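K.L.:
What follows is the file input24.txt, containing compact mmCIF, C-alpha atoms:
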# COMPACT_ATOMS: atom_id res chain seq x y z
CA MET A 1 16.63 16.42 28.04
CA GLN A 2 16.04 13.54 30.43
CA VAL A 3 13.20 15.41 32.16
CA LEU A 4 11.65 16.51 28.85
CA THR A 5 11.87 12.99 27.44
CA SER A 6 10.32 11.54 30.59
CA LEU A 7 7.39 13.94 30.25
CA ILE A 8 6.90 13.07 26.57
CA LEU A 9 7.00 9.32 27.22
CA ALA A 10 4.64 9.75 30.17
CA ALA A 11 2.21 11.66 27.93
CA PHE A 12 2.21 8.83 25.38
CA VAL A 13 1.70 6.19 28.08
CA GLY A 14 -1.03 8.25 29.73
CA TYR A 15 -2.89 8.73 26.46
CA ALA A 16 -2.67 5.02 25.61
CA GLY A 17 -3.86 4.10 29.11
CA ALA A 18 -6.78 6.54 29.01
CA TRP A 19 -7.73 5.16 25.59
CA TYR A 20 -7.55 1.58 26.84
CA PHE A 21 -9.80 2.31 29.82
CA GLY A 22 -12.27 4.30 27.73
CA ALA A 23 -11.54 7.71 29.26
CA VAL A 24 -10.72 9.24 25.87
CA GLU A 25 -11.56 8.40 22.27
CA GLY A 26 -8.30 7.16 20.78
CA ASN A 27 -6.91 7.77 17.31
CA PHE A 28 -4.17 5.27 16.53
CA ALA A 29 -3.24 6.90 13.21
CA LEU A 30 -2.65 10.22 14.98
CA LEU A 31 -0.75 8.53 17.83
CA LEU A 32 1.53 6.71 15.37
CA PHE A 33 2.10 9.90 13.37
CA LEU A 34 3.09 11.83 16.52
CA ALA A 35 5.36 8.99 17.64
CA THR A 36 7.05 9.07 14.22
CA VAL A 37 7.56 12.84 14.38
CA VAL A 38 8.87 12.83 17.96
CA THR A 39 11.23 9.86 17.56
CA GLY A 40 12.35 11.25 14.19
CA ALA A 41 13.29 14.55 15.83
CA TYR A 42 15.30 12.68 18.46
CA TRP A 43 16.93 10.52 15.75
CA LEU A 44 18.05 13.64 13.85
CA ALA A 45 19.31 15.23 17.07
CA GLU A 46 21.22 12.05 17.91
CA ARG A 47 22.67 11.76 14.42
CA PHE A 48 23.80 15.37 14.04
CA TYR A 49 24.34 16.62 17.60
CA PHE A 50 24.40 14.15 20.51
CA LEU A 51 26.48 11.42 18.78
CA PRO A 52 29.10 13.91 17.44
CA GLN A 53 29.33 15.40 20.96
CA ARG A 54 29.96 11.95 22.47
CA GLN A 55 32.46 11.11 19.74
CA LYS A 56 34.26 14.40 20.41
CA ALA A 57 34.40 13.58 24.14
CA ALA A 58 35.73 10.08 23.39
CA ALA A 59 38.38 11.52 21.06
CA LEU A 60 39.41 14.00 23.76
CA LEU A 61 39.74 11.15 26.26
CA GLU A 62 41.98 9.23 23.86
CA THR A 63 44.10 12.34 23.20
CA GLU A 64 44.57 13.02 26.91
CA ALA A 65 45.44 9.34 27.54
CA ALA A 66 48.01 9.44 24.73
CA GLN A 67 49.55 12.63 26.11
CA ARG A 68 49.77 11.09 29.57
CA ARG A 69 51.48 7.97 28.18
CA ALA A 70 53.93 10.19 26.28
CA GLU A 71 54.79 12.22 29.35
CA LEU A 72 55.28 9.07 31.43
CA GLY A 73 57.42 7.63 28.63
CA LYS A 74 59.76 10.60 28.91
CA LEU A 75 60.23 9.66 32.55
CA GLY A 76 61.12 6.12 31.55
CA ILE A 77 57.78 4.65 32.51
CA SER A 78 56.60 2.36 29.75
CA GLN A 79 53.96 0.38 31.63
CA VAL A 80 50.83 2.45 32.33
CA ASP A 81 47.98 1.08 34.41
CA GLY A 82 44.42 1.48 33.16
CA ASP A 83 42.54 0.80 29.95
CA ILE A 84 40.44 3.61 28.51
CA ALA A 85 38.37 1.22 26.36
CA VAL A 86 35.70 0.83 29.06
CA ALA A 87 35.50 4.55 29.70
CA ARG A 88 35.35 5.25 25.96
CA GLY A 89 32.51 2.74 25.56
CA ARG A 90 30.52 4.41 28.34
CA ILE A 91 30.98 7.83 26.75
CA LEU A 92 29.80 6.58 23.33
CA ALA A 93 26.82 4.62 24.68
CA GLN A 94 23.37 6.11 24.09
CA PRO A 95 21.65 7.29 27.29
CA TRP A 96 18.32 5.63 28.11
CA TRP A 97 16.24 8.57 26.89
CA LEU A 98 17.78 8.26 23.42
CA ASP A 99 17.35 4.47 23.42
CA TRP A 100 13.60 4.95 23.94
CA THR A 101 13.25 7.65 21.28
CA ALA A 102 15.91 7.76 18.57
CA GLY A 103 16.55 4.04 18.98
CA LEU A 104 12.90 3.23 18.20
CA PHE A 105 12.60 5.55 15.21
CA PRO A 106 13.57 3.00 12.47
CA VAL A 107 10.94 0.55 13.72
CA ILE A 108 8.23 3.18 14.19
CA ILE A 109 8.73 4.79 10.78
CA ALA A 110 8.64 1.36 9.10
CA VAL A 111 5.33 0.56 10.84
CA PHE A 112 4.01 4.03 10.01
CA PHE A 113 4.86 3.65 6.30
CA LEU A 114 3.46 0.11 6.02
CA ARG A 115 0.25 0.91 7.91
CA SER A 116 -0.38 4.24 6.21
CA PHE A 117 0.36 3.42 2.59
CA LEU A 118 0.49 -0.36 2.07
CA PHE A 119 -1.36 -2.73 4.43
CA GLU A 120 -3.16 -2.27 7.71
CA PRO A 121 -4.29 -5.06 10.05
CA PHE A 122 -7.80 -5.13 11.50
CA LYS A 123 -9.67 -7.41 13.85
CA ILE A 124 -13.28 -8.36 13.08
CA PRO A 125 -15.24 -7.34 16.21
CA SER A 126 -18.78 -8.39 15.27
CA GLY A 127 -20.75 -10.92 13.26
CA SER A 128 -22.15 -8.56 10.62
CA MET A 129 -19.98 -10.10 7.87
CA ILE A 130 -20.67 -13.77 8.72
CA PRO A 131 -20.22 -16.14 6.90
CA THR A 132 -17.45 -14.36 4.93
CA LEU A 133 -15.65 -13.05 8.03
CA LEU A 134 -16.01 -14.43 11.53
CA VAL A 135 -15.61 -12.72 14.88
CA GLY A 136 -11.91 -12.85 15.78
CA ASP A 137 -10.59 -12.96 12.22
CA LEU A 138 -7.47 -10.83 11.85
CA ILE A 139 -7.50 -9.37 8.36
CA LEU A 140 -5.26 -7.30 6.11
CA VAL A 141 -6.53 -4.22 4.29
CA ASN A 142 -4.93 -2.95 1.09
CA LYS A 143 -4.41 0.79 1.64
CA PHE A 144 -3.43 1.70 -1.94
CA HIS A 145 -5.99 -0.21 -4.04
CA TYR A 146 -8.50 2.65 -3.95
CA GLY A 147 -5.80 5.32 -4.07
CA VAL A 148 -3.10 6.36 -1.61
CA ARG A 149 -4.34 8.67 1.15
CA LEU A 150 -2.40 10.79 3.58
CA PRO A 151 -2.60 9.43 7.13
CA VAL A 152 -4.66 11.20 9.79
CA ILE A 153 -6.35 13.65 7.36
CA ASN A 154 -7.24 10.85 4.88
CA THR A 155 -6.76 13.09 1.82
CA LYS A 156 -6.40 11.12 -1.42
CA ILE A 157 -3.17 11.82 -3.35
CA THR A 158 -3.47 9.14 -6.06
CA GLU A 159 -6.60 7.95 -7.84
CA GLY A 160 -6.29 4.16 -7.68
CA ASN A 161 -9.23 1.90 -8.53
CA LYS A 162 -12.90 2.68 -8.04
CA PRO A 163 -14.73 0.48 -5.50
CA GLN A 164 -16.69 -2.21 -7.29
CA ARG A 165 -19.90 -3.97 -6.28
CA GLY A 166 -18.96 -6.97 -4.20
CA ASP A 167 -15.74 -5.53 -2.75
CA VAL A 168 -15.26 -5.95 1.00
CA MET A 169 -14.27 -2.49 2.14
CA VAL A 170 -13.10 -0.90 5.40
CA PHE A 171 -14.28 2.67 5.91
CA ARG A 172 -14.72 5.27 8.60
CA TYR A 173 -18.20 4.97 10.08
CA PRO A 174 -20.09 8.09 8.83
CA PRO A 175 -21.92 8.90 12.11
CA LYS A 176 -18.64 8.55 14.05
CA PRO A 177 -15.56 8.71 11.76
CA SER A 178 -13.19 7.70 14.56
CA LEU A 179 -14.58 4.15 14.23
CA ASP A 180 -13.68 1.79 11.38
CA TYR A 181 -16.40 -0.40 9.89
CA ILE A 182 -16.22 -3.25 7.39
CA LYS A 183 -19.03 -4.13 4.97
CA ARG A 184 -19.53 -5.19 1.36
CA VAL A 185 -20.02 -2.63 -1.41
CA VAL A 186 -23.52 -3.19 -2.78
CA GLY A 187 -24.23 0.06 -4.59
CA VAL A 188 -21.87 2.44 -6.40
CA PRO A 189 -22.61 6.06 -7.41
CA GLY A 190 -25.75 6.28 -9.56
CA ASP A 191 -27.12 2.84 -8.62
CA GLU A 192 -30.65 2.31 -7.40
CA VAL A 193 -30.38 -0.31 -4.67
CA ALA A 194 -33.49 -2.08 -3.45
CA TYR A 195 -33.59 -4.57 -0.60
CA LEU A 196 -37.21 -5.70 -0.48
CA ASN A 197 -38.50 -8.83 1.18
CA LYS A 198 -34.86 -9.81 1.72
CA ARG A 199 -34.03 -9.84 -1.99
CA LEU A 200 -31.38 -7.53 -3.41
CA THR A 201 -32.10 -5.67 -6.65
CA ILE A 202 -29.72 -3.25 -8.35
CA ASN A 203 -30.95 -0.98 -11.13
CA GLY A 204 -34.01 -3.17 -11.57
CA GLN A 205 -32.03 -6.41 -11.85
CA VAL A 206 -32.54 -9.02 -9.14
CA MET A 207 -29.23 -10.39 -7.90
CA THR A 208 -28.99 -14.14 -8.38
CA THR A 209 -29.02 -16.22 -5.20
CA VAL A 210 -28.64 -19.99 -4.87
CA ALA A 211 -29.56 -21.85 -1.67
CA VAL A 212 -26.64 -23.71 -0.06
CA PRO A 213 -26.48 -25.77 3.18
CA GLU A 214 -27.43 -23.89 6.34
CA PHE A 215 -24.74 -22.13 8.35
CA PHE A 216 -24.26 -23.06 12.00
CA ASP A 217 -23.28 -20.05 14.11
CA GLU A 218 -21.35 -21.39 17.09
CA ASP A 219 -21.67 -18.11 19.01
CA VAL A 220 -25.48 -18.30 19.18
CA MET A 221 -25.78 -22.07 18.61
CA ARG A 222 -28.24 -21.66 15.75
CA TYR A 223 -28.58 -22.60 12.11
CA PHE A 224 -29.26 -19.85 9.57
CA LYS A 225 -30.37 -20.05 5.95
CA GLN A 226 -27.39 -19.52 3.67
CA TYR A 227 -27.31 -18.42 0.04
CA GLU A 228 -24.63 -17.83 -2.58
CA GLU A 229 -25.19 -14.40 -4.09
CA SER A 230 -23.68 -13.06 -7.32
CA LEU A 231 -22.81 -9.37 -7.12
CA GLY A 232 -20.85 -8.01 -10.03
CA GLU A 233 -17.92 -10.36 -10.60
CA HIS A 234 -18.10 -11.57 -7.00
CA LYS A 235 -19.78 -14.64 -5.65
CA HIS A 236 -20.15 -14.68 -1.91
CA ARG A 237 -22.36 -16.20 0.74
CA ILE A 238 -25.00 -14.39 2.76
CA LEU A 239 -27.21 -15.33 5.71
CA ASN A 240 -30.90 -14.71 6.33
CA ASP A 241 -32.81 -15.01 9.59
CA ASP A 242 -36.46 -15.99 9.14
CA ASP A 243 -37.26 -14.58 12.58
CA ARG A 244 -36.30 -11.03 11.57
CA PRO A 245 -38.75 -8.83 9.63
CA ALA A 246 -37.95 -7.31 6.23
CA PHE A 247 -38.58 -3.70 7.25
CA VAL A 248 -35.73 -1.52 8.59
CA PRO A 249 -36.40 -0.25 12.14
CA GLY A 250 -34.76 2.69 13.89
CA THR A 251 -33.05 4.48 11.01
CA ASP A 252 -30.85 7.53 11.67
CA ASP A 253 -31.02 10.91 10.02
CA PHE A 254 -28.25 11.05 7.42
CA ALA A 255 -27.11 13.00 4.39
CA PHE A 256 -29.17 12.26 1.25
CA LYS A 257 -31.82 10.37 3.24
CA GLN A 258 -34.32 11.85 0.79
CA ASN A 259 -32.80 9.42 -1.76
CA CYS A 260 -34.26 6.48 0.20
CA ARG A 261 -37.83 5.16 0.44
CA TYR A 262 -38.68 2.94 3.41
CA SER A 263 -41.61 0.55 3.62
CA VAL A 264 -42.68 -2.61 5.42
CA GLU A 265 -40.95 -4.54 2.63
CA GLY A 266 -37.57 -2.90 3.13
CA VAL A 267 -35.80 0.03 1.50
CA VAL A 268 -35.00 1.49 -1.93
CA CYS A 269 -32.12 3.99 -2.23
CA LYS A 270 -30.55 5.98 -5.05
CA VAL A 271 -26.81 6.21 -4.40
CA PRO A 272 -25.54 9.81 -4.76
CA GLU A 273 -22.34 10.74 -6.57
CA GLY A 274 -19.18 10.15 -4.57
CA HIS A 275 -20.94 7.75 -2.18
CA TYR A 276 -21.44 4.00 -1.71
CA PHE A 277 -24.17 1.78 -0.30
CA MET A 278 -22.77 -0.84 2.07
CA MET A 279 -24.33 -4.01 3.51
CA GLY A 280 -23.14 -6.83 5.72
CA ASP A 281 -23.29 -10.43 4.50
CA ASN A 282 -25.19 -11.34 7.66
CA ARG A 283 -28.14 -9.47 6.20
CA ASP A 284 -30.51 -9.56 9.18
CA ASN A 285 -27.79 -8.84 11.74
CA SER A 286 -25.89 -5.94 10.20
CA LEU A 287 -26.04 -2.24 11.06
CA ASP A 288 -25.26 -0.84 7.61
CA SER A 289 -26.29 1.72 5.00
CA ARG A 290 -29.94 0.77 5.43
CA TYR A 291 -29.76 2.34 8.89
CA TRP A 292 -27.16 5.13 8.79
CA GLY A 293 -26.83 6.01 5.11
CA PHE A 294 -24.19 6.24 2.43
CA VAL A 295 -20.39 6.11 2.77
CA PRO A 296 -18.64 9.10 1.16
CA ASP A 297 -15.46 8.51 -0.81
CA LYS A 298 -13.44 10.53 1.73
CA ASN A 299 -14.26 7.90 4.40
CA ILE A 300 -12.72 4.97 2.51
CA VAL A 301 -9.83 3.25 4.31
CA GLY A 302 -9.04 0.33 2.00
CA LYS A 303 -9.98 -3.00 0.48
CA ALA A 304 -10.03 -6.02 2.79
CA PHE A 305 -8.63 -9.12 1.10
CA PHE A 306 -6.92 -11.61 3.43
CA VAL A 307 -7.35 -13.34 6.80
CA TRP A 308 -3.84 -13.59 8.21
CA MET A 309 -4.78 -15.19 11.55
CA ASN A 310 -7.62 -16.53 13.66
CA PHE A 311 -6.32 -17.94 16.92
CA THR A 312 -9.33 -20.23 17.39
CA SER A 313 -9.26 -21.65 13.85
CA LEU A 314 -6.07 -21.65 11.80
CA LYS A 315 -7.94 -22.97 8.76
CA ARG A 316 -9.47 -19.49 8.44
CA ILE A 317 -6.15 -18.17 7.13
CA GLY A 318 -6.31 -17.21 3.47
CA SER A 319 -7.96 -14.96 0.92
CA PHE A 320 -11.74 -14.45 1.04
CA ASN A 321 -12.17 -12.64 -2.30
Is it possible to express this structure as structure tokens?
P.N.:
Amino acid sequence: MQVLTSLILAAFVGYAGAWYFGAVEGNFALLLFLATVVTGAYWLAERFYFLPQRQKAAALLETEAAQRRAELGKLGISQVDGDIAVARGRILAQPWWLDWTAGLFPVIIAVFFLRSFLFEPFKIPSGSMIPTLLVGDLILVNKFHYGVRLPVINTKITEGNKPQRGDVMVFRYPPKPSLDYIKRVVGVPGDEVAYLNKRLTINGQVMTTVAVPEFFDEDVMRYFKQYEESLGEHKHRILNDDDRPAFVPGTDDFAFKQNCRYSVEGVVCKVPEGHYFMMGDNRDNSLDSRYWGFVPDKNIVGKAFFVWMNFTSLKRIGSFN
């Protein structure tokens, strides 16, 4: 078992190392699931086989020691050198290969349950959601708000709430589902979404925007025009860059692209059933549904709702909805 366990642990370490250095495309949900299964198997083996075997060996040691003391007692020897407590403790102690498997199972299964069905942490890697979310924000995502999904295969098992316009949602990037993206829900199934001349219109109704003081982006050392936009029941801030054109360059081929009409003014799309139209709040610096299309319901990960840490600015901590 020591050799087998060493090989299993080496495989996990090798996979994590290859992922870290970019040699393979990692899947943390799958890695955590496998770790839960493997450590769970060791935990069951420890509980129902290895521990009883060690307890049986410790009981045998105590029995033999008692018999030896009894035999010596018959010879008139009452004082017996040696204490079996140390030997018994060594027999009952878990070997290292069980410490690193069965011993970790309670922690791993707790993390697996929390991450898969309740809340998952994410780190904001880009500025597409500025000013709502900044690069380096560590956020929490509610995994059950839109319905509980099975980990790895992402199959929905409970209905939950429907995504609403204005929700900040994490989803699997349609062109490459192994990547997680975060954007704001702009269009729900059946909506006609138009983003023309940098103004958002949904089903023929122009979304209200109010100019607010400019936003200073410390990463690029520039000021950007900032507006407060009303989208459904949500009010949030967006940025516009006067130096960027309104038209959408370099679009991909995607499912239901025939639902979209592109022009020099921007784009108009009819959102198909079971799909959502997503946009970043940093409107001129966001690779979103305007470029790669609609997000299917099966790609939904959860609803983002809270910044739990930003190591460069603690005042960022709090809800952003």
K.L.:
Which one is closest to A:Tyr262: A:Phe247, A:Leu75, A:Val86, A:Glu46? Count all atoms listed in the file.
P.N.:
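That would be A:Phe247, the residue with the smallest distance to A:Tyr262.
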K.L.:
Would you work out the distance separating atom CA of A:Phe119 from atom CA of A:Leu44, expressed in Å to one decimal?
P.N.:
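Going from atom CA of A:Phe119 over to atom CA of A:Leu44, I get 27.1 Å.
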K.L.:
Counting all atoms listed in the file, which residues of stretch 19-80 of chain A sit at most 10 Å from some atom of stretch 178-200 of chain A, and what is each one's closest atom pair with its distance in Å to one decimal, listed by chain and rising residue number, as a tab-separated table?
P.N.:
residue	atom	partner	partner_atom	distance
A:Glu25	CA	A:Ser178	CA	7.9
A:Gly26	CA	A:Ser178	CA	7.9
A:Asn27	CA	A:Ser178	CA	6.9
A:Phe28	CA	A:Ser178	CA	9.5
K.L.:
Please return as a PyMOL selection string every residue within 12 Å of (27.3, 11.2, 20.4), taking into account only C-alpha atoms and the file's own coordinates.
P.N.:
chain A and resi 43-59+88-95+98
K.L.:
Within 10 Å of (14.7, 10.2, 14.8), in the coordinates the file gives, what residues turn up when you count all atoms listed in the file, written out as JSON, numbers by chain?
P.N.:
{"A": [35, 36, 37, 38, 39, 40, 41, 42, 43, 44, 45, 46, 47, 98, 101, 102, 103, 104, 105, 106, 108, 109]}
K.L.:
N, CA and C atoms are what I want for stretch 106-117 of chain A; can you complete it accordingly and write them as an mmCIF file, in the coordinates of the input?
P.N.:
data_model
loop_
_atom_site.group_PDB
_atom_site.id
_atom_site.type_symbol
_atom_site.label_atom_id
_atom_site.label_comp_id
_atom_site.auth_asym_id
_atom_site.auth_seq_id
_atom_site.Cartn_x
_atom_site.Cartn_y
_atom_site.Cartn_z
ATOM 1 N N PRO A 106 13.635 3.854 13.678
ATOM 2 C CA PRO A 106 13.570 3.000 12.470
ATOM 3 C C PRO A 106 12.388 2.039 12.470
ATOM 4 N N VAL A 107 12.069 1.476 13.635
ATOM 5 C CA VAL A 107 10.940 0.550 13.720
ATOM 6 C C VAL A 107 9.621 1.293 13.550
ATOM 7 N N ILE A 108 9.486 2.422 14.236
ATOM 8 C CA ILE A 108 8.230 3.180 14.190
ATOM 9 C C ILE A 108 7.956 3.724 12.798
ATOM 10 N N ILE A 109 8.966 4.240 12.112
ATOM 11 C CA ILE A 109 8.730 4.790 10.780
ATOM 12 C C ILE A 109 8.394 3.681 9.777
ATOM 13 N N ALA A 110 8.986 2.493 9.976
ATOM 14 C CA ALA A 110 8.640 1.360 9.100
ATOM 15 C C ALA A 110 7.175 0.964 9.292
ATOM 16 N N VAL A 111 6.740 0.879 10.556
ATOM 17 C CA VAL A 111 5.330 0.560 10.840
ATOM 18 C C VAL A 111 4.419 1.640 10.298
ATOM 19 N N PHE A 112 4.804 2.899 10.494
ATOM 20 C CA PHE A 112 4.010 4.030 10.010
ATOM 21 C C PHE A 112 3.836 3.964 8.490
ATOM 22 N N PHE A 113 4.915 3.701 7.768
ATOM 23 C CA PHE A 113 4.860 3.650 6.300
ATOM 24 C C PHE A 113 3.987 2.472 5.839
ATOM 25 N N LEU A 114 4.233 1.286 6.424
ATOM 26 C CA LEU A 114 3.460 0.110 6.020
ATOM 27 C C LEU A 114 1.979 0.294 6.298
ATOM 28 N N ARG A 115 1.650 0.771 7.505
ATOM 29 C CA ARG A 115 0.250 0.910 7.910
ATOM 30 C C ARG A 115 -0.456 2.018 7.148
ATOM 31 N N SER A 116 0.254 3.082 6.836
ATOM 32 C CA SER A 116 -0.380 4.240 6.210
ATOM 33 C C SER A 116 -0.558 4.093 4.707
ATOM 34 N N PHE A 117 0.372 3.404 4.042
ATOM 35 C CA PHE A 117 0.360 3.420 2.590
ATOM 36 C C PHE A 117 0.269 2.041 1.940
#
